[in-house]
>>> print(open('input12.cif').read())   # mmCIF, N, CA and C atoms
data_query
#
loop_
_atom_site.label_atom_id
_atom_site.label_comp_id
_atom_site.auth_asym_id
_atom_site.auth_seq_id
_atom_site.Cartn_x
_atom_site.Cartn_y
_atom_site.Cartn_z
N MET O 26 -85.11 37.49 -16.94
CA MET O 26 -85.85 38.72 -16.82
C MET O 26 -87.32 38.37 -16.54
N VAL O 27 -87.89 39.01 -15.54
CA VAL O 27 -89.29 38.77 -15.21
C VAL O 27 -90.11 40.03 -15.47
N LYS O 28 -91.40 39.83 -15.62
CA LYS O 28 -92.30 40.96 -15.82
C LYS O 28 -92.36 41.78 -14.53
N LYS O 29 -92.63 43.08 -14.69
CA LYS O 29 -92.64 44.00 -13.55
C LYS O 29 -93.59 43.53 -12.45
N ARG O 30 -94.76 43.06 -12.81
CA ARG O 30 -95.72 42.66 -11.77
C ARG O 30 -95.17 41.50 -10.93
N TYR O 31 -94.43 40.58 -11.55
CA TYR O 31 -93.85 39.49 -10.78
C TYR O 31 -92.67 39.97 -9.94
N PHE O 32 -91.86 40.85 -10.50
CA PHE O 32 -90.75 41.41 -9.73
C PHE O 32 -91.28 42.08 -8.47
N ASP O 33 -92.33 42.90 -8.62
CA ASP O 33 -92.91 43.59 -7.47
C ASP O 33 -93.42 42.60 -6.42
N MET O 34 -93.97 41.47 -6.87
CA MET O 34 -94.45 40.45 -5.93
C MET O 34 -93.30 39.79 -5.18
N TYR O 35 -92.18 39.55 -5.86
CA TYR O 35 -91.00 39.00 -5.17
C TYR O 35 -90.50 40.01 -4.15
N GLU O 36 -90.41 41.25 -4.57
CA GLU O 36 -89.87 42.30 -3.72
C GLU O 36 -90.71 42.48 -2.45
N SER O 37 -92.01 42.35 -2.58
CA SER O 37 -92.90 42.53 -1.42
C SER O 37 -93.06 41.25 -0.61
N GLY O 38 -92.60 40.11 -1.14
CA GLY O 38 -92.70 38.85 -0.42
C GLY O 38 -93.97 38.06 -0.69
N ILE O 39 -94.82 38.55 -1.58
CA ILE O 39 -96.07 37.86 -1.91
C ILE O 39 -95.79 36.58 -2.70
N LYS O 40 -94.80 36.64 -3.58
CA LYS O 40 -94.45 35.50 -4.44
C LYS O 40 -93.12 34.94 -3.96
N ASP O 41 -93.06 33.61 -3.78
CA ASP O 41 -91.80 33.02 -3.31
C ASP O 41 -91.37 31.78 -4.08
N VAL O 42 -92.04 31.49 -5.20
CA VAL O 42 -91.63 30.36 -6.04
C VAL O 42 -91.49 30.86 -7.48
N GLU O 43 -90.32 30.66 -8.04
CA GLU O 43 -90.05 31.01 -9.44
C GLU O 43 -90.17 29.75 -10.27
N LEU O 44 -91.00 29.81 -11.30
CA LEU O 44 -91.21 28.69 -12.20
C LEU O 44 -90.41 28.94 -13.47
N ARG O 45 -89.68 27.94 -13.90
CA ARG O 45 -88.90 28.04 -15.15
C ARG O 45 -89.02 26.74 -15.92
N ASP O 46 -89.07 26.88 -17.26
CA ASP O 46 -88.98 25.66 -18.05
C ASP O 46 -87.53 25.20 -17.98
N ILE O 47 -87.33 23.92 -18.17
CA ILE O 47 -85.98 23.36 -17.99
C ILE O 47 -85.11 23.73 -19.19
N LYS O 48 -84.09 24.50 -18.90
CA LYS O 48 -83.09 24.92 -19.89
C LYS O 48 -81.72 24.70 -19.28
N PRO O 49 -80.69 24.63 -20.11
CA PRO O 49 -79.34 24.35 -19.58
C PRO O 49 -78.91 25.29 -18.46
N GLN O 50 -79.25 26.57 -18.54
CA GLN O 50 -78.78 27.52 -17.53
C GLN O 50 -79.45 27.32 -16.16
N TRP O 51 -80.55 26.58 -16.09
CA TRP O 51 -81.26 26.37 -14.82
C TRP O 51 -81.03 24.98 -14.24
N LYS O 52 -80.76 23.98 -15.07
CA LYS O 52 -80.81 22.60 -14.60
C LYS O 52 -79.72 22.23 -13.59
N ASN O 53 -78.65 22.99 -13.50
CA ASN O 53 -77.59 22.69 -12.54
C ASN O 53 -77.70 23.50 -11.25
N SER O 54 -78.79 24.23 -11.08
CA SER O 54 -79.00 25.01 -9.87
C SER O 54 -79.10 24.10 -8.66
N LYS O 55 -78.60 24.60 -7.52
CA LYS O 55 -78.60 23.80 -6.29
C LYS O 55 -79.22 24.61 -5.15
N ILE O 56 -79.71 23.89 -4.15
CA ILE O 56 -80.18 24.54 -2.93
C ILE O 56 -79.02 25.31 -2.34
N GLY O 57 -79.27 26.55 -1.94
CA GLY O 57 -78.22 27.41 -1.40
C GLY O 57 -77.68 28.40 -2.40
N ASP O 58 -77.87 28.13 -3.70
CA ASP O 58 -77.45 29.09 -4.73
C ASP O 58 -78.27 30.37 -4.59
N ILE O 59 -77.75 31.44 -5.14
CA ILE O 59 -78.45 32.72 -5.14
C ILE O 59 -79.09 32.92 -6.51
N ALA O 60 -80.40 33.11 -6.52
CA ALA O 60 -81.13 33.40 -7.75
C ALA O 60 -81.14 34.91 -7.94
N THR O 61 -80.81 35.34 -9.15
CA THR O 61 -80.84 36.76 -9.48
C THR O 61 -82.07 37.02 -10.33
N ILE O 62 -82.95 37.88 -9.84
CA ILE O 62 -84.19 38.20 -10.52
C ILE O 62 -84.05 39.60 -11.09
N LEU O 63 -84.23 39.71 -12.40
CA LEU O 63 -84.04 40.98 -13.10
C LEU O 63 -85.35 41.48 -13.69
N CYS O 64 -85.50 42.79 -13.65
CA CYS O 64 -86.61 43.46 -14.30
C CYS O 64 -86.11 44.82 -14.74
N GLY O 65 -85.76 44.94 -16.02
CA GLY O 65 -85.14 46.18 -16.48
C GLY O 65 -83.83 46.38 -15.76
N ARG O 66 -83.68 47.51 -15.06
CA ARG O 66 -82.46 47.79 -14.30
C ARG O 66 -82.55 47.33 -12.85
N ARG O 67 -83.70 46.85 -12.46
CA ARG O 67 -83.90 46.42 -11.07
C ARG O 67 -83.38 45.00 -10.90
N ILE O 68 -82.71 44.78 -9.76
CA ILE O 68 -82.12 43.48 -9.46
C ILE O 68 -82.51 43.07 -8.05
N LEU O 69 -82.89 41.81 -7.90
CA LEU O 69 -83.22 41.25 -6.61
C LEU O 69 -82.51 39.91 -6.51
N ARG O 70 -81.89 39.65 -5.37
CA ARG O 70 -81.21 38.37 -5.17
C ARG O 70 -81.87 37.63 -4.02
N LYS O 71 -82.19 36.36 -4.29
CA LYS O 71 -82.86 35.53 -3.29
C LYS O 71 -82.16 34.17 -3.23
N LYS O 72 -82.06 33.62 -2.04
CA LYS O 72 -81.44 32.30 -1.85
C LYS O 72 -82.45 31.21 -2.21
N ILE O 73 -81.98 30.19 -2.93
CA ILE O 73 -82.82 29.04 -3.29
C ILE O 73 -82.86 28.09 -2.08
N LYS O 74 -84.06 27.88 -1.53
CA LYS O 74 -84.16 27.00 -0.37
C LYS O 74 -84.69 25.61 -0.72
N ASN O 75 -85.29 25.47 -1.92
CA ASN O 75 -85.73 24.15 -2.37
C ASN O 75 -85.94 24.20 -3.87
N ILE O 76 -85.79 23.05 -4.53
CA ILE O 76 -85.98 22.96 -5.98
C ILE O 76 -86.89 21.78 -6.27
N HIS O 77 -87.90 22.04 -7.09
CA HIS O 77 -88.83 20.99 -7.51
C HIS O 77 -88.70 20.83 -9.03
N ARG O 78 -88.80 19.61 -9.49
CA ARG O 78 -88.71 19.34 -10.92
C ARG O 78 -89.85 18.42 -11.33
N GLY O 79 -90.53 18.78 -12.41
CA GLY O 79 -91.61 17.94 -12.88
C GLY O 79 -92.62 18.72 -13.69
N THR O 80 -93.80 18.15 -13.84
CA THR O 80 -94.86 18.85 -14.56
C THR O 80 -95.34 20.01 -13.70
N PHE O 81 -96.06 20.92 -14.32
CA PHE O 81 -96.60 22.06 -13.60
C PHE O 81 -97.50 21.57 -12.46
N GLY O 82 -98.37 20.63 -12.74
CA GLY O 82 -99.28 20.11 -11.73
C GLY O 82 -98.55 19.49 -10.55
N ALA O 83 -97.50 18.74 -10.82
CA ALA O 83 -96.72 18.10 -9.76
C ALA O 83 -96.05 19.15 -8.87
N ILE O 84 -95.51 20.19 -9.48
CA ILE O 84 -94.85 21.24 -8.70
C ILE O 84 -95.86 21.99 -7.84
N VAL O 85 -97.01 22.32 -8.42
CA VAL O 85 -98.06 23.02 -7.67
C VAL O 85 -98.47 22.17 -6.46
N TYR O 86 -98.61 20.88 -6.65
CA TYR O 86 -98.97 19.98 -5.55
C TYR O 86 -97.88 19.98 -4.48
N GLU O 87 -96.62 19.87 -4.89
CA GLU O 87 -95.50 19.80 -3.94
C GLU O 87 -95.35 21.07 -3.12
N ILE O 88 -95.63 22.22 -3.69
CA ILE O 88 -95.44 23.48 -2.96
C ILE O 88 -96.69 23.91 -2.20
N GLY O 89 -97.78 23.17 -2.36
CA GLY O 89 -98.98 23.47 -1.59
C GLY O 89 -99.97 24.41 -2.25
N GLY O 90 -99.87 24.58 -3.56
CA GLY O 90 -100.86 25.39 -4.26
C GLY O 90 -100.26 26.41 -5.21
N TYR O 91 -101.07 26.83 -6.16
CA TYR O 91 -100.60 27.73 -7.22
C TYR O 91 -100.37 29.16 -6.76
N LYS O 92 -100.90 29.57 -5.61
CA LYS O 92 -100.79 30.96 -5.15
C LYS O 92 -99.34 31.37 -4.87
N ARG O 93 -98.46 30.41 -4.66
CA ARG O 93 -97.05 30.75 -4.43
C ARG O 93 -96.34 31.09 -5.74
N ILE O 94 -96.91 30.66 -6.87
CA ILE O 94 -96.35 30.96 -8.19
C ILE O 94 -97.09 32.12 -8.84
N PHE O 95 -98.41 32.08 -8.77
CA PHE O 95 -99.27 33.12 -9.34
C PHE O 95 -100.19 33.67 -8.25
N PRO O 96 -99.66 34.51 -7.36
CA PRO O 96 -100.42 34.98 -6.20
C PRO O 96 -101.70 35.76 -6.53
N ASN O 97 -101.72 36.45 -7.64
CA ASN O 97 -102.88 37.28 -7.96
C ASN O 97 -103.95 36.55 -8.77
N ALA O 98 -103.72 35.30 -9.12
CA ALA O 98 -104.70 34.54 -9.90
C ALA O 98 -105.96 34.32 -9.06
N LYS O 99 -107.09 34.52 -9.70
CA LYS O 99 -108.37 34.36 -9.00
C LYS O 99 -108.88 32.92 -9.04
N ASN O 100 -108.42 32.15 -10.03
CA ASN O 100 -108.88 30.76 -10.14
C ASN O 100 -107.88 29.97 -10.98
N VAL O 101 -108.11 28.68 -11.07
CA VAL O 101 -107.20 27.78 -11.78
C VAL O 101 -107.14 28.11 -13.27
N LEU O 102 -108.25 28.52 -13.83
CA LEU O 102 -108.27 28.88 -15.25
C LEU O 102 -107.30 30.02 -15.55
N GLU O 103 -107.27 31.04 -14.70
CA GLU O 103 -106.31 32.13 -14.86
C GLU O 103 -104.87 31.63 -14.76
N VAL O 104 -104.63 30.72 -13.85
CA VAL O 104 -103.29 30.15 -13.67
C VAL O 104 -102.85 29.43 -14.94
N LEU O 105 -103.71 28.59 -15.47
CA LEU O 105 -103.36 27.83 -16.67
C LEU O 105 -103.16 28.74 -17.86
N ARG O 106 -103.95 29.78 -17.97
CA ARG O 106 -103.81 30.74 -19.06
C ARG O 106 -102.46 31.48 -18.97
N GLU O 107 -102.12 31.91 -17.77
CA GLU O 107 -100.86 32.62 -17.56
C GLU O 107 -99.66 31.71 -17.82
N LYS O 108 -99.73 30.48 -17.32
CA LYS O 108 -98.64 29.52 -17.55
C LYS O 108 -98.45 29.27 -19.04
N LYS O 109 -99.55 29.12 -19.77
CA LYS O 109 -99.48 28.86 -21.21
C LYS O 109 -98.90 30.06 -21.95
N GLN O 110 -99.22 31.28 -21.48
CA GLN O 110 -98.67 32.49 -22.09
C GLN O 110 -97.16 32.58 -21.88
N LEU O 111 -96.72 32.27 -20.68
CA LEU O 111 -95.30 32.36 -20.35
C LEU O 111 -94.48 31.23 -20.96
N TYR O 112 -95.04 30.03 -20.96
CA TYR O 112 -94.32 28.83 -21.41
C TYR O 112 -95.21 28.00 -22.33
N PRO O 113 -95.43 28.46 -23.57
CA PRO O 113 -96.38 27.78 -24.46
C PRO O 113 -96.03 26.33 -24.81
N ASP O 114 -94.75 25.99 -24.85
CA ASP O 114 -94.36 24.65 -25.30
C ASP O 114 -93.76 23.78 -24.20
N ALA O 115 -93.61 24.32 -23.00
CA ALA O 115 -92.94 23.59 -21.93
C ALA O 115 -93.84 22.50 -21.35
N GLU O 116 -93.23 21.36 -21.07
CA GLU O 116 -93.94 20.25 -20.44
C GLU O 116 -93.36 19.93 -19.07
N GLU O 117 -92.09 20.24 -18.88
CA GLU O 117 -91.42 19.97 -17.61
C GLU O 117 -90.82 21.28 -17.10
N PHE O 118 -90.86 21.44 -15.78
CA PHE O 118 -90.46 22.71 -15.18
C PHE O 118 -89.54 22.49 -13.99
N LEU O 119 -88.89 23.58 -13.60
CA LEU O 119 -88.20 23.67 -12.33
C LEU O 119 -88.95 24.72 -11.51
N GLY O 120 -89.21 24.41 -10.25
CA GLY O 120 -89.82 25.38 -9.36
C GLY O 120 -88.83 25.68 -8.24
N PHE O 121 -88.40 26.94 -8.17
CA PHE O 121 -87.40 27.35 -7.18
C PHE O 121 -88.11 28.04 -6.02
N GLU O 122 -88.04 27.43 -4.82
CA GLU O 122 -88.56 28.11 -3.64
C GLU O 122 -87.47 29.06 -3.15
N LEU O 123 -87.84 30.32 -2.96
CA LEU O 123 -86.86 31.35 -2.62
C LEU O 123 -87.10 31.92 -1.23
N GLU O 124 -86.00 32.28 -0.57
CA GLU O 124 -86.08 32.92 0.76
C GLU O 124 -86.14 34.42 0.59
#
>>> encode(input="input12.cif", output="structure tokens")
Amino acid sequence: MVKKRYFDMYESGIKDVELRDIKPQWKNSKIGDIATILCGRRILRKKIKNIHRGTFGAIVYEIGGYKRIFPNAKNVLEVLREKKQLYPDAEEFLGFELE
């Protein structure tokens, strides 16, 4: 389940990378799988075109910048604050590039 503001960004095409901490339900995902994004009763399905695994910084570097994960962030400080709010204890992540 994602927050409404992120769901709206996926729906409009502004956001195309989903960041998740590594949990059993995500670690077996493959390129070509369909990601289901939920927000309340709203459902969006997107094809996974690439998967990145590593620290937040490594994933941001691999995808070409934080704007693909946090499009509305005005600066790096906002990005780090938002990441810490969403994933306070996570050290390793999966970044799913979506079509």
>>> residues_around(input="input12.cif", residues="range 88-105 of chain O", least_positions_apart="2", cutoff="5 Å", atoms="only N, CA and C atoms", output="NGL selection string")
:O and (40-42 or 84-86 or 107-109)
>>> resolve_selection(input="input12.cif", expression="the PyMOL selection byres ((chain O and resi 72-76) around 6.5)", output="list in words")
Lys55, Ile56, Gly57, Asp58, Ile59, Ala60, Arg70, Lys71, His77, Arg78, Leu119, Gly120, Phe121, Glu122, Leu123 and Glu124 of chain O
>>> axis_aligned_box(input="input12.cif", around="range 77-93 of chain O", padding_each_side="8 Å", output="JSON")
{"center_x": -94.5, "center_y": 24.7, "center_z": -8.1, "size_x": 29.2, "size_y": 29.4, "size_z": 29.0}
>>> closest_residue(input="input12.cif", among="O:Ile47, O:Leu63, O:Met26, O:Ile39", to="Phe81 in chain O", atoms="only C-alpha atoms")
O:Ile47
>>> atom_distance(input="input12.cif", atom1="atom C of Ala115 in chain O", atom2="CA of Gln50 in chain O")
16.3 Å
>>> atom_distance(input="input12.cif", atom1="CA of Val27 in chain O", atom2="CA of Ile62 in chain O")
7.0 Å
>>> atom_distance(input="input12.cif", atom1="CA of Gly82 in chain O", atom2="CA of Tyr35 in chain O")
21.6 Å
>>> select_by_dssp(input="input12.cif", residues="chain O", states="alpha helix (DSSP H)", output="PyMOL selection string")
chain O and resi 29-37+49-52+81-88+101-111
